[in-house]
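Colleague: For reference, this is data.pdb, and it has PDB, C-alpha atoms.
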```pdb
ATOM      1  CA  MET A   1      22.976  11.550 -13.924
ATOM      2  CA  VAL A   2      23.599  14.427 -11.502
ATOM      3  CA  MET A   3      20.679  15.637  -9.419
ATOM      4  CA  LYS A   4      20.581  18.195  -6.636
ATOM      5  CA  SER A   5      19.690  16.673  -3.297
ATOM      6  CA  GLU A   6      17.167  19.431  -2.570
ATOM      7  CA  GLU A   7      15.050  18.546  -5.605
ATOM      8  CA  LYS A   8      11.834  16.872  -4.527
ATOM      9  CA  ARG A   9       9.153  14.504  -5.803
ATOM     10  CA  THR A  10       5.580  14.161  -4.583
ATOM     11  CA  LEU A  11       4.143  10.637  -4.339
ATOM     12  CA  ALA A  12       0.439   9.882  -3.892
ATOM     13  CA  TYR A  13      -1.936   6.911  -3.770
ATOM     14  CA  PHE A  14      -5.323   6.050  -2.257
ATOM     15  CA  CYS A  15      -5.350   3.544   0.573
ATOM     16  CA  PRO A  16      -7.547   0.542  -0.341
ATOM     17  CA  HIS A  17      -8.524   0.061   3.323
ATOM     18  CA  CYS A  18      -9.527   3.528   4.580
ATOM     19  CA  ARG A  19      -9.827   5.091   1.075
ATOM     20  CA  GLN A  20      -8.017   8.295   2.042
ATOM     21  CA  LEU A  21      -5.365   9.978  -0.123
ATOM     22  CA  VAL A  22      -1.845   9.265   1.092
ATOM     23  CA  ALA A  23       0.690  11.789  -0.215
ATOM     24  CA  ALA A  24       4.161  12.919   0.779
ATOM     25  CA  GLU A  25       7.131  14.815  -0.559
ATOM     26  CA  ARG A  26      10.548  13.169  -0.696
ATOM     27  CA  THR A  27      13.900  14.502  -1.870
ATOM     28  CA  VAL A  28      15.659  12.937  -4.820
ATOM     29  CA  PHE A  29      18.439  11.947  -2.424
ATOM     30  CA  GLU A  30      15.989  10.086  -0.170
ATOM     31  CA  LEU A  31      14.471   8.266  -3.127
ATOM     32  CA  SER A  32      17.872   7.264  -4.512
ATOM     33  CA  ALA A  33      19.764   6.440  -1.325
ATOM     34  CA  ALA A  34      17.732   3.513   0.005
ATOM     35  CA  PRO A  35      14.356   1.761  -0.343
ATOM     36  CA  MET A  36      11.601   3.854   1.220
ATOM     37  CA  GLU A  37       8.026   3.311   2.349
ATOM     38  CA  LEU A  38       5.073   5.681   2.419
ATOM     39  CA  PRO A  39       2.581   4.188   4.904
ATOM     40  CA  CYS A  40      -1.048   5.191   5.280
ATOM     41  CA  PRO A  41      -1.842   6.603   8.743
ATOM     42  CA  CYS A  42      -4.420   3.835   9.148
ATOM     43  CA  GLY A  43      -1.563   1.330   9.213
ATOM     44  CA  HIS A  44      -3.047  -1.055   6.638
ATOM     45  CA  SER A  45      -1.194  -0.121   3.447
ATOM     46  CA  GLN A  46       2.076   1.347   2.260
ATOM     47  CA  LEU A  47       3.691   2.443  -0.995
ATOM     48  CA  ARG A  48       7.220   1.072  -1.431
ATOM     49  CA  VAL A  49       9.873   2.629  -3.692
ATOM     50  CA  GLU A  50      13.250   1.109  -4.523
ATOM     51  CA  CYS A  51      16.025   2.528  -6.701
ATOM     52  CA  LEU A  52      17.514  -0.130  -9.017
ATOM     53  CA  GLY A  53      20.378   1.807 -10.547
ATOM     54  CA  SER A  54      18.898   3.520 -13.590
ATOM     55  CA  ARG A  55      15.326   2.424 -12.780
ATOM     56  CA  TYR A  56      12.823   2.677  -9.939
ATOM     57  CA  ARG A  57      10.512  -0.073  -8.751
ATOM     58  CA  LEU A  58       7.238   0.787  -7.009
ATOM     59  CA  THR A  59       4.912  -1.539  -5.136
ATOM     60  CA  VAL A  60       1.561   0.217  -5.038
ATOM     61  CA  PRO A  61      -1.541  -0.628  -2.958
ATOM     62  CA  CYS A  62      -4.542  -0.372  -5.276
ATOM     63  CA  LEU A  63      -7.864   1.116  -4.256
ATOM     64  CA  LEU A  64      -9.507  -0.153  -7.437
ATOM     65  CA  CYS A  65      -8.818  -3.884  -7.222
ATOM     66  CA  GLY A  66      -7.716  -4.165  -3.585
ATOM     67  CA  GLY A  67      -4.394  -5.790  -4.494
ATOM     68  CA  GLU A  68      -0.875  -4.506  -5.106
ATOM     69  CA  HIS A  69       0.828  -3.600  -8.373
ATOM     70  CA  THR A  70       4.586  -3.730  -8.955
ATOM     71  CA  VAL A  71       5.756  -1.355 -11.671
ATOM     72  CA  GLU A  72       9.115  -0.115 -12.901
ATOM     73  CA  CYS A  73      10.033   3.249 -14.385
ATOM     74  CA  GLY A  74      13.156   4.777 -15.917
ATOM     75  CA  GLY A  75      15.095   7.004 -13.553
ATOM     76  CA  ASP A  76      14.985  10.088 -15.771
ATOM     77  CA  ASP A  77      11.196   9.922 -16.047
ATOM     78  CA  PHE A  78      10.754   9.186 -12.355
ATOM     79  CA  LEU A  79      12.888  12.146 -11.286
ATOM     80  CA  ARG A  80      12.036  14.701 -13.975
ATOM     81  CA  GLN A  81       8.494  14.265 -15.344
ATOM     82  CA  ARG A  82       5.876  16.735 -14.110
ATOM     83  CA  ALA A  83       3.519  13.858 -13.337
ATOM     84  CA  LEU A  84       3.714  10.108 -13.877
ATOM     85  CA  ALA A  85       0.644   7.915 -13.525
ATOM     86  CA  PHE A  86       0.664   4.183 -12.855
ATOM     87  CA  SER A  87      -2.558   2.310 -13.560
ATOM     88  CA  CYS A  88      -4.510  -0.717 -12.410
ATOM     89  CA  ALA A  89      -4.817  -3.197 -15.285
ATOM     90  CA  ALA A  90      -8.086  -4.571 -13.900
ATOM     91  CA  SER A  91      -9.943  -1.243 -13.830
ATOM     92  CA  GLY A  92      -8.039   0.911 -16.307
ATOM     93  CA  LEU A  93      -7.846   3.696 -13.724
ATOM     94  CA  ASP A  94      -4.719   5.154 -12.134
ATOM     95  CA  CYS A  95      -3.544   3.927  -8.746
ATOM     96  CA  CYS A  96      -0.437   6.033  -8.060
ATOM     97  CA  TYR A  97       1.155   9.333  -9.063
ATOM     98  CA  VAL A  98       4.720  10.645  -8.889
ATOM     99  CA  GLY A  99       5.910  14.097  -9.901
ATOM    100  CA  GLU A 100       5.553  17.763  -9.065
ATOM    101  CA  GLU A 101       3.158  18.656  -6.264
ATOM    102  CA  GLY A 102       0.596  20.610  -8.326
ATOM    103  CA  PRO A 103       0.108  18.114 -11.181
ATOM    104  CA  VAL A 104       0.114  15.148  -8.777
ATOM    105  CA  PHE A 105      -2.630  16.589  -6.569
ATOM    106  CA  ALA A 106      -4.651  17.648  -9.634
ATOM    107  CA  ALA A 107      -4.468  14.097 -10.991
ATOM    108  CA  ALA A 108      -5.388  12.677  -7.573
ATOM    109  CA  ARG A 109      -8.495  14.879  -7.460
ATOM    110  CA  ARG A 110      -9.575  13.600 -10.878
ATOM    111  CA  LEU A 111      -9.051  10.025  -9.726
ATOM    112  CA  GLU A 112     -11.081  10.667  -6.572
ATOM    113  CA  GLU A 113     -13.911  11.984  -8.743
ATOM    114  CA  ALA A 114     -13.739   8.902 -10.967
ATOM    115  CA  VAL A 115     -13.710   6.532  -7.975
ATOM    116  CA  ASP A 116     -16.740   8.272  -6.462
ATOM    117  CA  ARG A 117     -18.605   7.784  -9.716
ATOM    118  CA  LEU A 118     -17.398   4.208  -9.932
ATOM    119  CA  ASP A 119     -18.894   3.483  -6.501
ATOM    120  CA  GLN A 120     -22.183   5.113  -7.466
ATOM    121  CA  ARG A 121     -22.547   3.562 -10.899
ATOM    122  CA  ARG A 122     -20.747   0.207 -10.776
ATOM    123  CA  GLU A 123     -24.027  -1.684 -11.084
ATOM    124  CA  GLU A 124     -25.872   0.798 -13.275
ATOM    125  CA  GLY A 125     -24.285   0.422 -16.674
ATOM    126  CA  GLN A 126     -21.688  -1.097 -18.932
ATOM    127  CA  PHE A 127     -19.259   1.805 -18.493
ATOM    128  CA  LEU A 128     -18.238   4.096 -15.655
ATOM    129  CA  ASP A 129     -19.674   7.041 -17.597
ATOM    130  CA  GLU A 130     -21.594   6.210 -20.778
ATOM    131  CA  LEU A 131     -21.329   9.767 -22.165
ATOM    132  CA  VAL A 132     -17.587  10.039 -21.572
ATOM    133  CA  MET A 133     -16.982   6.659 -23.212
ATOM    134  CA  LYS A 134     -19.097   7.660 -26.218
ATOM    135  CA  GLU A 135     -17.212  10.946 -26.648
ATOM    136  CA  VAL A 136     -13.792   9.290 -26.303
ATOM    137  CA  LEU A 137     -14.692   6.615 -28.874
ATOM    138  CA  GLU A 138     -15.948   9.265 -31.287
ATOM    139  CA  GLU A 139     -12.697  11.218 -30.930
ATOM    140  CA  LEU A 140     -10.687   8.045 -31.515
ATOM    141  CA  ARG A 141     -12.689   7.315 -34.671
ATOM    142  CA  ASP A 142     -12.041  10.858 -35.946
ATOM    143  CA  ILE A 143      -8.301  10.437 -35.364
ATOM    144  CA  ALA A 144      -8.389   7.067 -37.127
ATOM    145  CA  LYS A 145     -10.302   8.449 -40.129
ATOM    146  CA  GLY A 146      -7.455  10.917 -40.687
ATOM    147  CA  GLY A 147      -4.893   8.118 -40.591
ATOM    148  CA  GLY A 148      -3.656   9.278 -37.217
ATOM    149  CA  VAL A 149      -3.265   5.870 -35.559
ATOM    150  CA  SER A 150       0.042   4.141 -36.296
ATOM    151  CA  CYS A 151       2.690   1.978 -34.649
ATOM    152  CA  MET A 152       6.460   2.299 -34.447
ATOM    153  CA  CYS A 153       6.692  -1.134 -36.102
ATOM    154  CA  GLY A 154       5.294   0.470 -39.275
ATOM    155  CA  SER A 155       1.813  -1.044 -39.147
ATOM    156  CA  LYS A 156      -1.354   1.021 -39.378
ATOM    157  CA  GLU A 157      -3.618  -1.924 -38.562
ATOM    158  CA  TRP A 158      -5.028  -1.828 -35.048
ATOM    159  CA  ARG A 159      -7.953  -2.880 -32.902
ATOM    160  CA  LEU A 160      -9.802  -1.534 -29.877
ATOM    161  CA  GLN A 161     -10.402  -3.190 -26.545
ATOM    162  CA  ILE A 162     -13.127  -1.293 -24.697
ATOM    163  CA  ASN A 163     -12.909  -1.543 -20.902
ATOM    164  CA  TYR A 164     -15.132  -0.240 -18.116
ATOM    165  CA  SER A 165     -13.341   3.105 -17.833
ATOM    166  CA  SER A 166     -10.728   3.087 -20.600
ATOM    167  CA  VAL A 167     -10.013   2.041 -24.180
ATOM    168  CA  ASP A 168      -6.924   0.097 -25.280
ATOM    169  CA  VAL A 169      -5.640   0.790 -28.811
ATOM    170  CA  ILE A 170      -3.624  -2.279 -29.852
ATOM    171  CA  CYS A 171      -1.403  -2.806 -32.894
ATOM    172  CA  ALA A 172      -2.627  -5.801 -34.895
ATOM    173  CA  ALA A 173       0.910  -6.614 -36.048
ATOM    174  CA  CYS A 174       3.132  -6.466 -32.962
ATOM    175  CA  GLY A 175       0.732  -6.047 -30.030
ATOM    176  CA  ALA A 176       2.003  -2.630 -28.936
ATOM    177  CA  ALA A 177      -0.739  -0.818 -27.052
ATOM    178  CA  ILE A 178      -1.729   2.432 -25.432
ATOM    179  CA  ARG A 179      -4.475   2.916 -22.854
ATOM    180  CA  ILE A 180      -6.793   5.891 -23.313
ATOM    181  CA  PRO A 181      -8.672   6.816 -20.097
ATOM    182  CA  ALA A 182     -12.435   7.248 -20.518
ATOM    183  CA  ALA A 183     -13.710   8.039 -17.038
ATOM    184  CA  THR A 184     -14.068  11.800 -16.574
ATOM    185  CA  ALA A 185     -14.638  14.998 -18.544
ATOM    186  CA  SER A 186     -10.885  15.648 -18.330
ATOM    187  CA  ASP A 187     -10.320  12.484 -20.369
ATOM    188  CA  ILE A 188     -12.486  13.930 -23.153
ATOM    189  CA  ASP A 189     -10.421  17.132 -23.089
ATOM    190  CA  ASP A 190      -7.192  15.122 -23.274
ATOM    191  CA  ILE A 191      -8.212  13.047 -26.301
ATOM    192  CA  CYS A 192      -9.638  16.123 -28.065
ATOM    193  CA  CYS A 193      -6.131  17.630 -27.984
ATOM    194  CA  LYS A 194      -4.631  14.683 -29.876
ATOM    195  CA  GLN A 195      -4.311  14.616 -33.646
ATOM    196  CA  ALA A 196      -2.343  11.374 -33.761
ATOM    197  CA  ILE A 197      -1.717   8.277 -31.647
ATOM    198  CA  LEU A 198       1.604   6.449 -31.914
ATOM    199  CA  LEU A 199       1.753   2.955 -30.456
ATOM    200  CA  LYS A 200       5.030   1.839 -28.889
ATOM    201  CA  ARG A 201       6.209  -1.437 -27.509
ATOM    202  CA  LYS A 202       7.911  -1.142 -24.121
ATOM    203  CA  LYS A 203      11.346  -1.764 -25.613
ATOM    204  CA  ASP A 204      10.732   1.124 -28.074
ATOM    205  CA  THR A 205      10.041   3.552 -25.233
ATOM    206  CA  PRO A 206      13.096   5.633 -24.199
TER     207      PRO A 206
END
```
Would you write out, as structure tokens, the structure that this file holds?

Modeller:
Amino acid sequence: MVMKSEEKRTLAYFCPHCRQLVAAERTVFELSAAPMELPCPCGHSQLRVECLGSRYRLTVPCLLCGGEHTVECGGDDFLRQRALAFSCAASGLDCCYVGEEGPVFAAARRLEEAVDRLDQRREEGQFLDELVMKEVLEELRDIAKGGGVSCMCGSKEWRLQINYSSVDVICAACGAAIRIPAATASDIDDICCKQAILLKRKKDTP
């Protein structure tokens, strides 16, 4: 894989201690040459990135659960996708973004909006936003009615796991799953654009 050293990636996360957005731009060469850290100015958290040959490993401080998440990503996706999102399993919300500057900052703004609402409504209801969850579930049902939910294993049997701010669609045969965010109006727009949902196990993902 040949990449130009001047090509750049923007990385962003929210510090769980001071709650501010931490973002920086790094060249592909910097990201590939050696492990790097992106510390928060408050000094209490840092994002760590390590190149493992054809994959990248990230250790991400999480604003949502207060812990850290370790995730891995294929090198092509990490270096070429417009925006990659890594999520917190406990909350269903994103905790880190990597990609082009514009899409990364747009995603970070949406996450900030969702976190603000989470703080305001955590004790008020079953879901982060009752209306958004209702609309997302209705869109999922419409897709399902048209036979649009399937799995790469060949099964069309699936189940839903409804979380506080997301919905997991899970294959009943092999356990492959996809998480559908259900936190903001943008999530409604995203699901409205889908006519089909294909479930993939990790080993089926390129």

Colleague: Between CA of Glu157 (chain A) and CA of Glu72 (chain A), what is the spacing in Å?

Modeller: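 Pair CA of Glu72 (chain A) / CA of Glu157 (chain A) returns 28.7 Å.
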
Colleague: As a check of understanding, name the residues that the PyMOL selection byres ((chain A and resi 149-152) around 8) selects in the supplied structure, as a ChimeraX atom specification.

Modeller: /A:143-144,147-148,153-158,171,176,196-201,204

Colleague: To test the calculation: enclose all listed atoms of region 48-51 of chain A in a box whose edges run along x, y and z, add 5 Å on each side, then state centre and edge lengths in Å to one decimal, as lines of an AutoDock Vina configuration file.

Modeller:
```
center_x = 11.6
center_y = 1.9
center_z = -4.1
size_x = 18.8
size_y = 11.6
size_z = 15.3
```

Colleague: I'd like the contact shell of Gly74 (chain A) - 9 Å cut-off, all atoms listed in the file, skipping same-chain residues fewer than 4 positions apart - returned as a VMD selection string.

Modeller: chain A and resid 54 to 56 78 to 79 206

Colleague: Could you state the separation of CA of Pro41 (chain A) and CA of Val115 (chain A) in Å, given to one decimal place?

Modeller: 20.5 Å

Colleague: Against region 11-19 of chain A, which residues of region 52-163 of chain A fall within 12 Å? For each one I want the closest pair of atoms and the distance in Å (one decimal), counting all atoms listed in the file, rows by chain and increasing residue number, as a Markdown table.

Modeller:
```
| residue | atom | partner | partner_atom | distance |
| --- | --- | --- | --- | --- |
| A:Leu58 | CA | A:Leu11 | CA | 10.7 |
| A:Thr59 | CA | A:Tyr13 | CA | 11.0 |
| A:Val60 | CA | A:Tyr13 | CA | 7.7 |
| A:Pro61 | CA | A:Pro16 | CA | 6.7 |
| A:Cys62 | CA | A:Pro16 | CA | 5.8 |
| A:Leu63 | CA | A:Pro16 | CA | 4.0 |
| A:Leu64 | CA | A:Pro16 | CA | 7.4 |
| A:Cys65 | CA | A:Pro16 | CA | 8.3 |
| A:Gly66 | CA | A:Pro16 | CA | 5.7 |
| A:Gly67 | CA | A:Pro16 | CA | 8.2 |
| A:Glu68 | CA | A:Pro16 | CA | 9.6 |
| A:His69 | CA | A:Tyr13 | CA | 11.8 |
| A:Phe78 | CA | A:Leu11 | CA | 10.5 |
| A:Leu79 | CA | A:Leu11 | CA | 11.3 |
| A:Arg82 | CA | A:Leu11 | CA | 11.6 |
| A:Ala83 | CA | A:Leu11 | CA | 9.6 |
| A:Leu84 | CA | A:Leu11 | CA | 9.6 |
| A:Ala85 | CA | A:Ala12 | CA | 9.8 |
| A:Phe86 | CA | A:Tyr13 | CA | 9.8 |
| A:Ser87 | CA | A:Tyr13 | CA | 10.8 |
| A:Cys88 | CA | A:Tyr13 | CA | 11.8 |
| A:Leu93 | CA | A:Phe14 | CA | 12.0 |
| A:Asp94 | CA | A:Tyr13 | CA | 9.0 |
| A:Cys95 | CA | A:Tyr13 | CA | 6.0 |
| A:Cys96 | CA | A:Tyr13 | CA | 4.6 |
| A:Tyr97 | CA | A:Ala12 | CA | 5.2 |
| A:Val98 | CA | A:Leu11 | CA | 4.6 |
| A:Gly99 | CA | A:Leu11 | CA | 6.8 |
| A:Glu100 | CA | A:Leu11 | CA | 8.7 |
| A:Glu101 | CA | A:Leu11 | CA | 8.3 |
| A:Gly102 | CA | A:Leu11 | CA | 11.3 |
| A:Pro103 | CA | A:Leu11 | CA | 10.9 |
| A:Val104 | CA | A:Ala12 | CA | 7.2 |
| A:Phe105 | CA | A:Ala12 | CA | 7.8 |
| A:Ala106 | CA | A:Ala12 | CA | 10.9 |
| A:Ala107 | CA | A:Ala12 | CA | 9.6 |
| A:Ala108 | CA | A:Ala12 | CA | 7.4 |
| A:Arg109 | CA | A:Phe14 | CA | 10.7 |
| A:Leu111 | CA | A:Phe14 | CA | 9.2 |
| A:Glu112 | CA | A:Phe14 | CA | 8.5 |
| A:Val115 | CA | A:Arg19 | CA | 10.0 |
| A:Asp116 | CA | A:Arg19 | CA | 10.7 |
| A:Asp119 | CA | A:Arg19 | CA | 11.9 |
```

Colleague: What's the separation between CA of Thr70 (chain A) and CA of Ala89 (chain A), in Å to one decimal place?

Modeller: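 Between CA of Thr70 (chain A) and CA of Ala89 (chain A) the gap works out to 11.3 Å.
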
Colleague: For the structure shown, which residues end up in the PyMOL selection byres ((chain A and resi 182) around 10)? Put them as a tab-separated table (two decimals) with C-alpha atoms, keeping the file's coordinate frame, please?

Modeller:
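New file result.tsv:
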```
chain	number	residue	atom	x	y	z
A	92	GLY	CA	-8.04	0.91	-16.31
A	93	LEU	CA	-7.85	3.70	-13.72
A	114	ALA	CA	-13.74	8.90	-10.97
A	127	PHE	CA	-19.26	1.80	-18.49
A	128	LEU	CA	-18.24	4.10	-15.66
A	129	ASP	CA	-19.67	7.04	-17.60
A	130	GLU	CA	-21.59	6.21	-20.78
A	131	LEU	CA	-21.33	9.77	-22.16
A	132	VAL	CA	-17.59	10.04	-21.57
A	133	MET	CA	-16.98	6.66	-23.21
A	134	LYS	CA	-19.10	7.66	-26.22
A	135	GLU	CA	-17.21	10.95	-26.65
A	136	VAL	CA	-13.79	9.29	-26.30
A	137	LEU	CA	-14.69	6.62	-28.87
A	162	ILE	CA	-13.13	-1.29	-24.70
A	163	ASN	CA	-12.91	-1.54	-20.90
A	164	TYR	CA	-15.13	-0.24	-18.12
A	165	SER	CA	-13.34	3.10	-17.83
A	166	SER	CA	-10.73	3.09	-20.60
A	167	VAL	CA	-10.01	2.04	-24.18
A	179	ARG	CA	-4.47	2.92	-22.85
A	180	ILE	CA	-6.79	5.89	-23.31
A	181	PRO	CA	-8.67	6.82	-20.10
A	183	ALA	CA	-13.71	8.04	-17.04
A	184	THR	CA	-14.07	11.80	-16.57
A	185	ALA	CA	-14.64	15.00	-18.54
A	186	SER	CA	-10.88	15.65	-18.33
A	187	ASP	CA	-10.32	12.48	-20.37
A	188	ILE	CA	-12.49	13.93	-23.15
A	190	ASP	CA	-7.19	15.12	-23.27
A	191	ILE	CA	-8.21	13.05	-26.30
```

Colleague: Generate the coordinates of N, CA, C and O atoms for region 172-194 of chain A; report them as a short mmCIF file (atom, residue, chain, number, x, y, z; two decimals), in the coordinates of the input.

Modeller:
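rebuild_10.cif was written with the following content:
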```
data_model
loop_
_atom_site.label_atom_id
_atom_site.label_comp_id
_atom_site.auth_asym_id
_atom_site.auth_seq_id
_atom_site.Cartn_x
_atom_site.Cartn_y
_atom_site.Cartn_z
N ALA A 172 -2.27 -4.45 -34.45
CA ALA A 172 -2.63 -5.80 -34.90
C ALA A 172 -1.40 -6.61 -35.30
O ALA A 172 -1.44 -7.84 -35.34
N ALA A 173 -0.29 -5.92 -35.58
CA ALA A 173 0.91 -6.61 -36.05
C ALA A 173 1.82 -7.06 -34.91
O ALA A 173 2.24 -8.21 -34.85
N CYS A 174 2.13 -6.15 -33.99
CA CYS A 174 3.13 -6.47 -32.96
C CYS A 174 2.58 -6.48 -31.54
O CYS A 174 3.28 -6.86 -30.61
N GLY A 175 1.33 -6.02 -31.35
CA GLY A 175 0.73 -6.05 -30.03
C GLY A 175 1.02 -4.84 -29.17
O GLY A 175 0.58 -4.78 -28.02
N ALA A 176 1.78 -3.86 -29.69
CA ALA A 176 2.00 -2.63 -28.94
C ALA A 176 0.66 -1.99 -28.63
O ALA A 176 -0.28 -2.08 -29.41
N ALA A 177 0.56 -1.35 -27.47
CA ALA A 177 -0.74 -0.82 -27.05
C ALA A 177 -0.58 0.46 -26.26
O ALA A 177 0.46 0.73 -25.66
N ILE A 178 -1.65 1.25 -26.28
CA ILE A 178 -1.73 2.43 -25.43
C ILE A 178 -3.11 2.45 -24.80
O ILE A 178 -4.10 2.09 -25.45
N ARG A 179 -3.19 2.84 -23.55
CA ARG A 179 -4.47 2.92 -22.85
C ARG A 179 -4.96 4.36 -22.82
O ARG A 179 -4.25 5.25 -22.35
N ILE A 180 -6.17 4.57 -23.30
CA ILE A 180 -6.79 5.89 -23.31
C ILE A 180 -7.84 5.92 -22.20
O ILE A 180 -8.84 5.20 -22.28
N PRO A 181 -7.66 6.74 -21.16
CA PRO A 181 -8.67 6.82 -20.10
C PRO A 181 -9.99 7.34 -20.63
O PRO A 181 -10.03 8.20 -21.52
N ALA A 182 -11.10 6.82 -20.10
CA ALA A 182 -12.44 7.25 -20.52
C ALA A 182 -13.35 7.23 -19.30
O ALA A 182 -14.33 6.50 -19.25
N ALA A 183 -12.99 8.06 -18.31
CA ALA A 183 -13.71 8.04 -17.04
C ALA A 183 -14.30 9.39 -16.65
O ALA A 183 -15.35 9.45 -16.03
N THR A 184 -13.62 10.48 -17.01
CA THR A 184 -14.07 11.80 -16.57
C THR A 184 -14.06 12.78 -17.74
O THR A 184 -13.51 12.49 -18.81
N ALA A 185 -14.62 13.96 -17.51
CA ALA A 185 -14.64 15.00 -18.54
C ALA A 185 -13.23 15.40 -18.95
O ALA A 185 -12.98 15.76 -20.10
N SER A 186 -12.28 15.32 -18.02
CA SER A 186 -10.88 15.65 -18.33
C SER A 186 -10.32 14.70 -19.38
O SER A 186 -9.48 15.09 -20.20
N ASP A 187 -10.79 13.45 -19.38
CA ASP A 187 -10.32 12.48 -20.37
C ASP A 187 -10.79 12.86 -21.77
O ASP A 187 -10.08 12.63 -22.75
N ILE A 188 -12.00 13.44 -21.85
CA ILE A 188 -12.49 13.93 -23.15
C ILE A 188 -11.60 15.07 -23.63
O ILE A 188 -11.19 15.12 -24.79
N ASP A 189 -11.28 16.00 -22.73
CA ASP A 189 -10.42 17.13 -23.09
C ASP A 189 -9.06 16.65 -23.58
O ASP A 189 -8.51 17.17 -24.55
N ASP A 190 -8.51 15.63 -22.90
CA ASP A 190 -7.19 15.12 -23.27
C ASP A 190 -7.19 14.52 -24.67
O ASP A 190 -6.30 14.78 -25.48
N ILE A 191 -8.19 13.70 -25.00
CA ILE A 191 -8.21 13.05 -26.30
C ILE A 191 -8.54 14.05 -27.41
O ILE A 191 -8.07 13.91 -28.54
N CYS A 192 -9.31 15.09 -27.07
CA CYS A 192 -9.64 16.12 -28.06
C CYS A 192 -8.39 16.89 -28.52
O CYS A 192 -8.36 17.46 -29.61
N CYS A 193 -7.37 16.91 -27.66
CA CYS A 193 -6.13 17.63 -27.98
C CYS A 193 -5.21 16.83 -28.89
O CYS A 193 -4.22 17.36 -29.40
N LYS A 194 -5.52 15.55 -29.09
CA LYS A 194 -4.63 14.68 -29.88
C LYS A 194 -5.05 14.66 -31.34
O LYS A 194 -6.22 14.53 -31.66
#
```
